[in-house]
>>> print(open('model-v3.txt').read())   # compact mmCIF, C-alpha atoms
# COMPACT_ATOMS: atom_id res chain seq x y z
CA MET K 1 44.48 -83.45 39.02
CA LEU K 2 40.74 -83.00 38.47
CA ARG K 3 40.08 -84.15 42.05
CA VAL K 4 42.50 -81.55 43.40
CA LEU K 5 40.85 -78.82 41.33
CA ILE K 6 37.35 -79.81 42.48
CA PHE K 7 38.49 -80.03 46.11
CA THR K 8 40.13 -76.59 45.84
CA LEU K 9 36.98 -75.03 44.37
CA VAL K 10 34.78 -76.63 47.04
CA PHE K 11 37.17 -75.46 49.78
CA ILE K 12 37.28 -71.87 48.47
CA SER K 13 33.48 -71.80 48.09
CA SER K 14 33.02 -73.12 51.63
CA ASN K 15 35.31 -70.45 53.04
CA LEU K 16 33.43 -67.71 51.21
CA VAL K 17 30.11 -69.00 52.58
CA ILE K 18 31.54 -69.17 56.10
CA LYS K 19 32.99 -65.65 55.85
CA LYS K 20 29.74 -64.32 54.49
CA SER K 21 27.75 -66.01 57.26
CA PHE K 22 29.96 -65.18 60.22
CA GLY K 23 32.39 -62.47 59.22
CA ASP K 24 32.29 -58.80 60.25
CA ASN K 25 30.05 -59.53 63.24
CA ASN K 26 27.18 -60.14 60.80
CA MET K 27 27.22 -56.44 59.93
CA SER K 28 26.38 -57.03 56.25
CA GLU K 29 23.15 -58.76 57.27
CA PHE K 30 22.21 -55.88 59.54
CA GLY K 31 23.47 -52.88 57.54
CA ASN K 32 20.12 -51.86 56.07
CA LEU K 33 18.22 -52.83 59.19
CA GLN K 34 20.53 -50.74 61.35
CA HIS K 35 20.10 -47.74 59.06
CA ASN K 36 16.31 -48.10 59.00
CA VAL K 37 15.64 -48.61 62.70
CA CYS K 38 18.55 -47.15 64.70
CA GLU K 39 21.40 -45.56 62.78
CA GLU K 40 23.37 -44.99 65.99
CA CYS K 41 23.23 -48.66 67.01
CA LYS K 42 26.53 -49.84 65.55
CA PHE K 43 27.78 -52.28 68.17
CA LEU K 44 26.80 -55.94 68.10
CA ASN K 45 26.25 -56.99 71.71
CA GLY K 46 25.37 -60.59 70.97
CA GLN K 47 23.10 -63.07 69.27
CA GLY K 48 21.39 -66.26 70.38
CA LEU K 49 18.72 -68.81 69.61
CA LEU K 50 15.65 -69.58 71.65
CA ARG K 51 14.79 -73.26 71.42
CA PHE K 52 11.82 -75.14 72.80
CA PHE K 53 12.37 -78.90 73.15
CA GLY K 54 15.20 -78.59 70.63
CA LEU K 55 13.11 -76.78 68.01
CA LYS K 56 14.25 -73.32 66.93
CA VAL K 57 11.69 -70.68 67.90
CA TYR K 58 13.59 -67.49 67.10
CA GLN K 59 16.99 -65.89 66.81
CA ALA K 60 17.54 -62.73 68.83
CA THR K 61 20.24 -60.14 68.06
CA LEU K 62 21.11 -57.08 70.12
CA PHE K 63 22.81 -53.95 68.76
CA SER K 64 23.49 -50.80 70.80
CA GLU K 65 24.73 -47.25 70.49
CA TYR K 66 27.68 -47.92 72.81
CA LYS K 67 29.55 -51.14 73.49
CA SER K 68 29.98 -50.58 77.23
CA GLY K 69 28.13 -49.20 80.23
CA GLU K 70 24.55 -49.70 81.40
CA ILE K 71 22.59 -50.74 78.32
CA PHE K 72 19.50 -48.75 79.28
CA ASN K 73 21.49 -45.49 79.18
CA SER K 74 21.70 -45.59 75.39
CA LYS K 75 19.70 -46.52 72.32
CA PHE K 76 19.63 -50.14 71.29
CA PHE K 77 17.58 -52.49 69.20
CA LEU K 78 16.62 -56.11 69.67
CA ARG K 79 15.83 -57.98 66.48
CA ILE K 80 13.89 -61.23 66.73
CA LYS K 81 13.72 -63.39 63.63
CA TYR K 82 11.06 -66.06 63.99
CA PHE K 83 11.30 -69.62 62.67
CA ARG K 84 7.60 -70.36 63.18
CA ASP K 85 4.22 -68.68 62.79
CA PHE K 86 2.72 -66.99 65.86
CA LYS K 87 -0.36 -64.94 66.59
CA GLY K 88 0.46 -61.44 67.81
CA LYS K 89 -1.96 -61.81 70.72
CA ASP K 90 -0.11 -64.95 71.85
CA ILE K 91 3.22 -63.11 71.78
CA ALA K 92 1.61 -60.27 73.75
CA LYS K 93 0.24 -62.64 76.40
CA ILE K 94 3.58 -64.46 76.81
CA SER K 95 5.39 -61.11 77.06
CA PHE K 96 2.89 -59.90 79.64
CA LYS K 97 3.29 -63.08 81.70
CA GLU K 98 7.08 -62.68 81.68
CA MET K 99 6.84 -59.02 82.76
CA HIS K 100 4.40 -60.02 85.48
CA ARG K 101 6.54 -62.98 86.62
CA MET K 102 9.51 -60.65 87.19
CA ASN K 103 7.33 -58.03 88.96
CA LEU K 104 8.00 -55.41 86.27
CA ILE K 105 4.41 -54.12 86.03
CA ALA K 106 2.63 -51.86 88.47
CA LYS K 107 -0.90 -53.14 89.13
CA GLU K 108 -2.51 -49.98 87.73
CA LYS K 109 -0.66 -50.38 84.39
CA GLU K 110 -1.37 -54.06 83.75
CA SER K 111 -4.45 -53.64 81.55
CA VAL K 112 -2.94 -50.70 79.63
CA TRP K 113 0.31 -52.51 78.85
CA LEU K 114 -1.39 -55.76 77.84
CA ALA K 115 -3.85 -53.88 75.62
CA TRP K 116 -1.00 -52.00 73.92
CA MET K 117 0.88 -55.23 73.18
CA GLU K 118 -2.23 -57.07 71.94
CA GLU K 119 -3.10 -54.14 69.68
CA ASN K 120 0.39 -53.53 68.28
CA ILE K 121 2.25 -56.84 68.09
CA PRO K 122 1.38 -58.23 64.67
CA ASP K 123 0.83 -61.83 63.63
CA ILE K 124 4.15 -63.41 62.67
CA LYS K 125 4.95 -65.73 59.79
CA LYS K 126 8.05 -67.91 59.52
CA ASN K 127 11.13 -65.71 58.80
CA ASP K 128 9.37 -62.50 59.89
CA MET K 129 11.22 -60.09 62.14
CA LEU K 130 10.07 -58.02 65.08
CA ILE K 131 12.49 -55.26 65.99
CA GLY K 132 12.14 -53.29 69.18
CA VAL K 133 14.10 -50.05 69.43
CA TYR K 134 14.77 -48.72 72.92
CA MET K 135 15.19 -44.94 73.23
CA PRO K 136 15.97 -43.87 76.81
CA GLU K 137 14.37 -40.44 76.56
CA GLU K 138 11.51 -41.39 74.24
CA GLY K 139 10.30 -44.92 75.04
CA MET K 140 10.34 -47.50 72.27
CA ALA K 141 9.43 -48.18 68.67
CA LEU K 142 8.23 -51.51 67.30
CA HIS K 143 8.99 -52.58 63.73
CA HIS K 144 7.68 -55.58 61.80
CA ASN K 145 10.01 -56.54 58.95
CA GLU K 146 11.57 -53.04 59.10
CA ASN K 147 8.18 -51.28 58.86
CA LEU K 148 7.30 -49.10 61.83
CA VAL K 149 4.23 -50.57 63.55
CA ALA K 150 3.93 -48.48 66.71
CA THR K 151 5.69 -46.28 69.22
CA ILE K 152 5.05 -45.80 72.92
CA SER K 153 6.38 -43.00 75.08
CA ASP K 154 5.90 -44.85 78.38
CA LYS K 155 9.53 -45.26 79.51
CA ASP K 156 8.58 -47.76 82.23
CA PHE K 157 6.89 -49.96 79.64
CA ALA K 158 9.86 -49.72 77.26
CA ARG K 159 12.35 -50.73 79.93
CA SER K 160 10.14 -53.55 81.24
CA PHE K 161 9.54 -54.89 77.75
CA PHE K 162 13.26 -55.27 77.02
CA LEU K 163 13.92 -56.68 80.48
CA ILE K 164 12.04 -59.79 79.32
CA TRP K 165 15.34 -60.68 77.62
CA LEU K 166 17.88 -58.61 79.55
CA HIS K 167 16.85 -58.97 83.22
CA GLU K 168 19.13 -61.15 85.34
CA ASN K 169 16.05 -63.19 86.35
CA THR K 170 14.86 -63.78 82.78
CA SER K 171 13.35 -67.18 82.09
CA GLU K 172 16.03 -67.66 79.39
CA PRO K 173 19.40 -66.97 81.08
CA LYS K 174 21.41 -68.68 78.32
CA LEU K 175 19.87 -66.40 75.70
CA ARG K 176 20.52 -63.35 77.90
CA LYS K 177 24.18 -64.34 78.20
CA GLU K 178 24.45 -64.72 74.43
CA LEU K 179 22.76 -61.35 73.81
CA LEU K 180 25.25 -59.60 76.09
CA GLU K 181 28.27 -61.67 75.02
CA PHE K 182 30.27 -58.84 73.44
CA ARG K 183 29.11 -56.10 75.81
CA GLU K 184 31.73 -54.53 78.09
CA ASN K 185 30.77 -53.58 81.68
CA GLY K 186 27.10 -53.95 80.86
>>> encode(input="model-v3.txt", output="C-alpha cells")
Amino acid sequence: MLRVLIFTLVFISSNLVIKKSFGDNNMSEFGNLQHNVCEECKFLNGQGLLRFFGLKVYQATLFSEYKSGEIFNSKFFLRIKYFRDFKGKDIAKISFKEMHRMNLIAKEKESVWLAWMEENIPDIKKNDMLIGVYMPEEGMALHHNENLVATISDKDFARSFFLIWLHENTSEPKLRKELLEFRENG
C-alpha cells in the first residue's frame, strides 16, 4: 500500500512539473516579460535551441502581435536566453557577419550598424536574456534581462537584425523552423 501511495504522489508531482514546464504555451514564464517589453505580443510563434557540437548555446522564443500574416507587418519580440557567457562585442561581430553573409547591409551602413551593435549589446552571463522588440514603424528596442538597453529608429537595421533568425537563408534553418512553428501564413 505504501508503494502505491508513493508511486501516486510521484506521478502527480511529475504531471504538475510537466504541466508547469510545457502547459499554456509557456505563457506563465513569459507573462511578465510580455508585459514589460511588448504588451501586444500575445502569440507564441515558436521556440528552439541553438546547439554547437551538441552543447546548448541559447534558447530562442518568438512572440508576435498577430499569429498570421507577414511577421514584419506587426510588432514581435525575440527572446534569447543564453546558457553560456559571451562578450557583447563577440555577439555583435557574429551578428554583423550573419547580416553581411545574407547581403542585408548596404556598404555605406556597415560601420554604423557594427558600431551600434558593439556599443549596445551587453556582455552576457549564463542565464541572461537578450530581448529584441521589433516595431515596424519605429525600429527596434533591445532589452537585457527585461531592462531597456537601447533603441534604434533605423527600420532597415531592425529588419536586418531579426532576419538573422527569420530569413529563409539563415545559417540555422532548423531554429528558424522552430521559431515559426505555430505561425500561420507567415
>>> closest_residue(input="model-v3.txt", among="K:Arg183, K:Lys125, K:Ala158, K:Lys97", to="Ala141 (chain K)", atoms="all atoms listed in the file")
K:Ala158
>>> atom_distance(input="model-v3.txt", atom1="CA of Asp123 (chain K)", atom2="CA of Glu138 (chain K)")
25.4 Å
>>> atom_distance(input="model-v3.txt", atom1="CA of Arg159 (chain K)", atom2="CA of Asp90 (chain K)")
20.6 Å
>>> atom_distance(input="model-v3.txt", atom1="CA of Thr170 (chain K)", atom2="CA of Thr61 (chain K)")
16.1 Å
>>> residues_around(input="model-v3.txt", residues="Ala150 (chain K)", least_positions_apart="5", cutoff="10 Å", atoms="all atoms listed in the file", output="number ranges by chain")
K: 116-117, 119-121, 132, 140-144
>>> closest_residue(input="model-v3.txt", among="K:Glu172, K:Phe86, K:Ser153, K:Trp113", to="Leu130 (chain K)", atoms="all atoms listed in the file")
K:Phe86
>>> residues_near_point(input="model-v3.txt", point="(8.2, -52.1, 83.6)", cutoff="10 Å", atoms="all atoms listed in the file", output="NGL selection string")
:K and (99-100 or 102-106 or 109-110 or 113 or 154-164)
>>> residues_around(input="model-v3.txt", residues="Leu175 (chain K)", least_positions_apart="5", cutoff="8 Å", atoms="all atoms listed in the file", output="PDB file with C-alpha atoms, in the coordinates of the input")
ATOM      1  CA  GLN K  47      23.100 -63.070  69.270  1.00  0.00           C
ATOM      2  CA  GLY K  48      21.390 -66.260  70.380  1.00  0.00           C
ATOM      3  CA  LEU K  49      18.720 -68.810  69.610  1.00  0.00           C
ATOM      4  CA  LEU K  50      15.650 -69.580  71.650  1.00  0.00           C
ATOM      5  CA  TRP K 165      15.340 -60.680  77.620  1.00  0.00           C
TER       6      TRP K 165
END
>>> closest_residue(input="model-v3.txt", among="K:Arg51, K:Glu118, K:Phe96, K:Lys42", to="Lys174 (chain K)", atoms="only C-alpha atoms")
K:Arg51
>>> closest_residue(input="model-v3.txt", among="K:Tyr58, K:Lys75, K:Phe52, K:Ser68", to="Glu39 (chain K)", atoms="all atoms listed in the file")
K:Lys75
>>> residues_near_point(input="model-v3.txt", point="(6.5, -69.5, 59.1)", cutoff="9 Å", atoms="only C-alpha atoms", output="NGL selection string")
:K and (82-86 or 124-128)
>>> closest_residue(input="model-v3.txt", among="K:Glu98, K:Glu108, K:Glu137, K:Glu40", to="Phe76 (chain K)", atoms="only C-alpha atoms")
K:Glu40
>>> axis_aligned_box(input="model-v3.txt", around="region 126-143 of chain K", padding_each_side="8 Å", output="lines of an AutoDock Vina configuration file")
center_x = 12.0
center_y = -54.2
center_z = 67.8
size_x = 23.9
size_y = 43.5
size_z = 34.0
>>> build_atoms(input="model-v3.txt", residues="region 139-155 of chain K", atoms="N, CA and C atoms", output="short mmCIF file (atom, residue, chain, number, x, y, z; two decimals), in the frame of the given file")
data_model
loop_
_atom_site.label_atom_id
_atom_site.label_comp_id
_atom_site.auth_asym_id
_atom_site.auth_seq_id
_atom_site.Cartn_x
_atom_site.Cartn_y
_atom_site.Cartn_z
N GLY K 139 11.10 -43.71 74.92
CA GLY K 139 10.30 -44.92 75.04
C GLY K 139 10.80 -45.97 74.07
N MET K 140 9.91 -46.47 73.22
CA MET K 140 10.34 -47.50 72.27
C MET K 140 9.53 -47.43 70.99
N ALA K 141 10.11 -48.03 69.95
CA ALA K 141 9.43 -48.18 68.67
C ALA K 141 9.42 -49.67 68.34
N LEU K 142 8.37 -50.12 67.69
CA LEU K 142 8.23 -51.51 67.30
C LEU K 142 8.12 -51.57 65.78
N HIS K 143 8.98 -52.38 65.18
CA HIS K 143 8.99 -52.58 63.73
C HIS K 143 8.66 -54.03 63.41
N HIS K 144 7.95 -54.24 62.32
CA HIS K 144 7.68 -55.58 61.80
C HIS K 144 8.28 -55.62 60.40
N ASN K 145 9.31 -56.46 60.23
CA ASN K 145 10.01 -56.54 58.95
C ASN K 145 10.45 -55.15 58.46
N GLU K 146 11.02 -54.38 59.35
CA GLU K 146 11.57 -53.04 59.10
C GLU K 146 10.52 -51.95 58.94
N ASN K 147 9.24 -52.29 58.95
CA ASN K 147 8.18 -51.28 58.86
C ASN K 147 7.75 -50.87 60.25
N LEU K 148 7.72 -49.59 60.52
CA LEU K 148 7.30 -49.10 61.83
C LEU K 148 5.83 -49.47 62.06
N VAL K 149 5.58 -50.14 63.18
CA VAL K 149 4.23 -50.57 63.55
C VAL K 149 3.65 -49.63 64.59
N ALA K 150 4.45 -49.29 65.61
CA ALA K 150 3.93 -48.48 66.71
C ALA K 150 5.09 -47.89 67.51
N THR K 151 4.77 -46.85 68.24
CA THR K 151 5.69 -46.28 69.22
C THR K 151 4.91 -46.12 70.53
N ILE K 152 5.67 -46.06 71.61
CA ILE K 152 5.05 -45.80 72.92
C ILE K 152 6.03 -44.95 73.72
N SER K 153 5.52 -43.93 74.34
CA SER K 153 6.38 -43.00 75.08
C SER K 153 6.49 -43.36 76.57
N ASP K 154 5.83 -44.40 77.00
CA ASP K 154 5.90 -44.85 78.38
C ASP K 154 7.26 -45.50 78.62
N LYS K 155 8.16 -44.78 79.29
CA LYS K 155 9.53 -45.26 79.51
C LYS K 155 9.56 -46.50 80.41
#
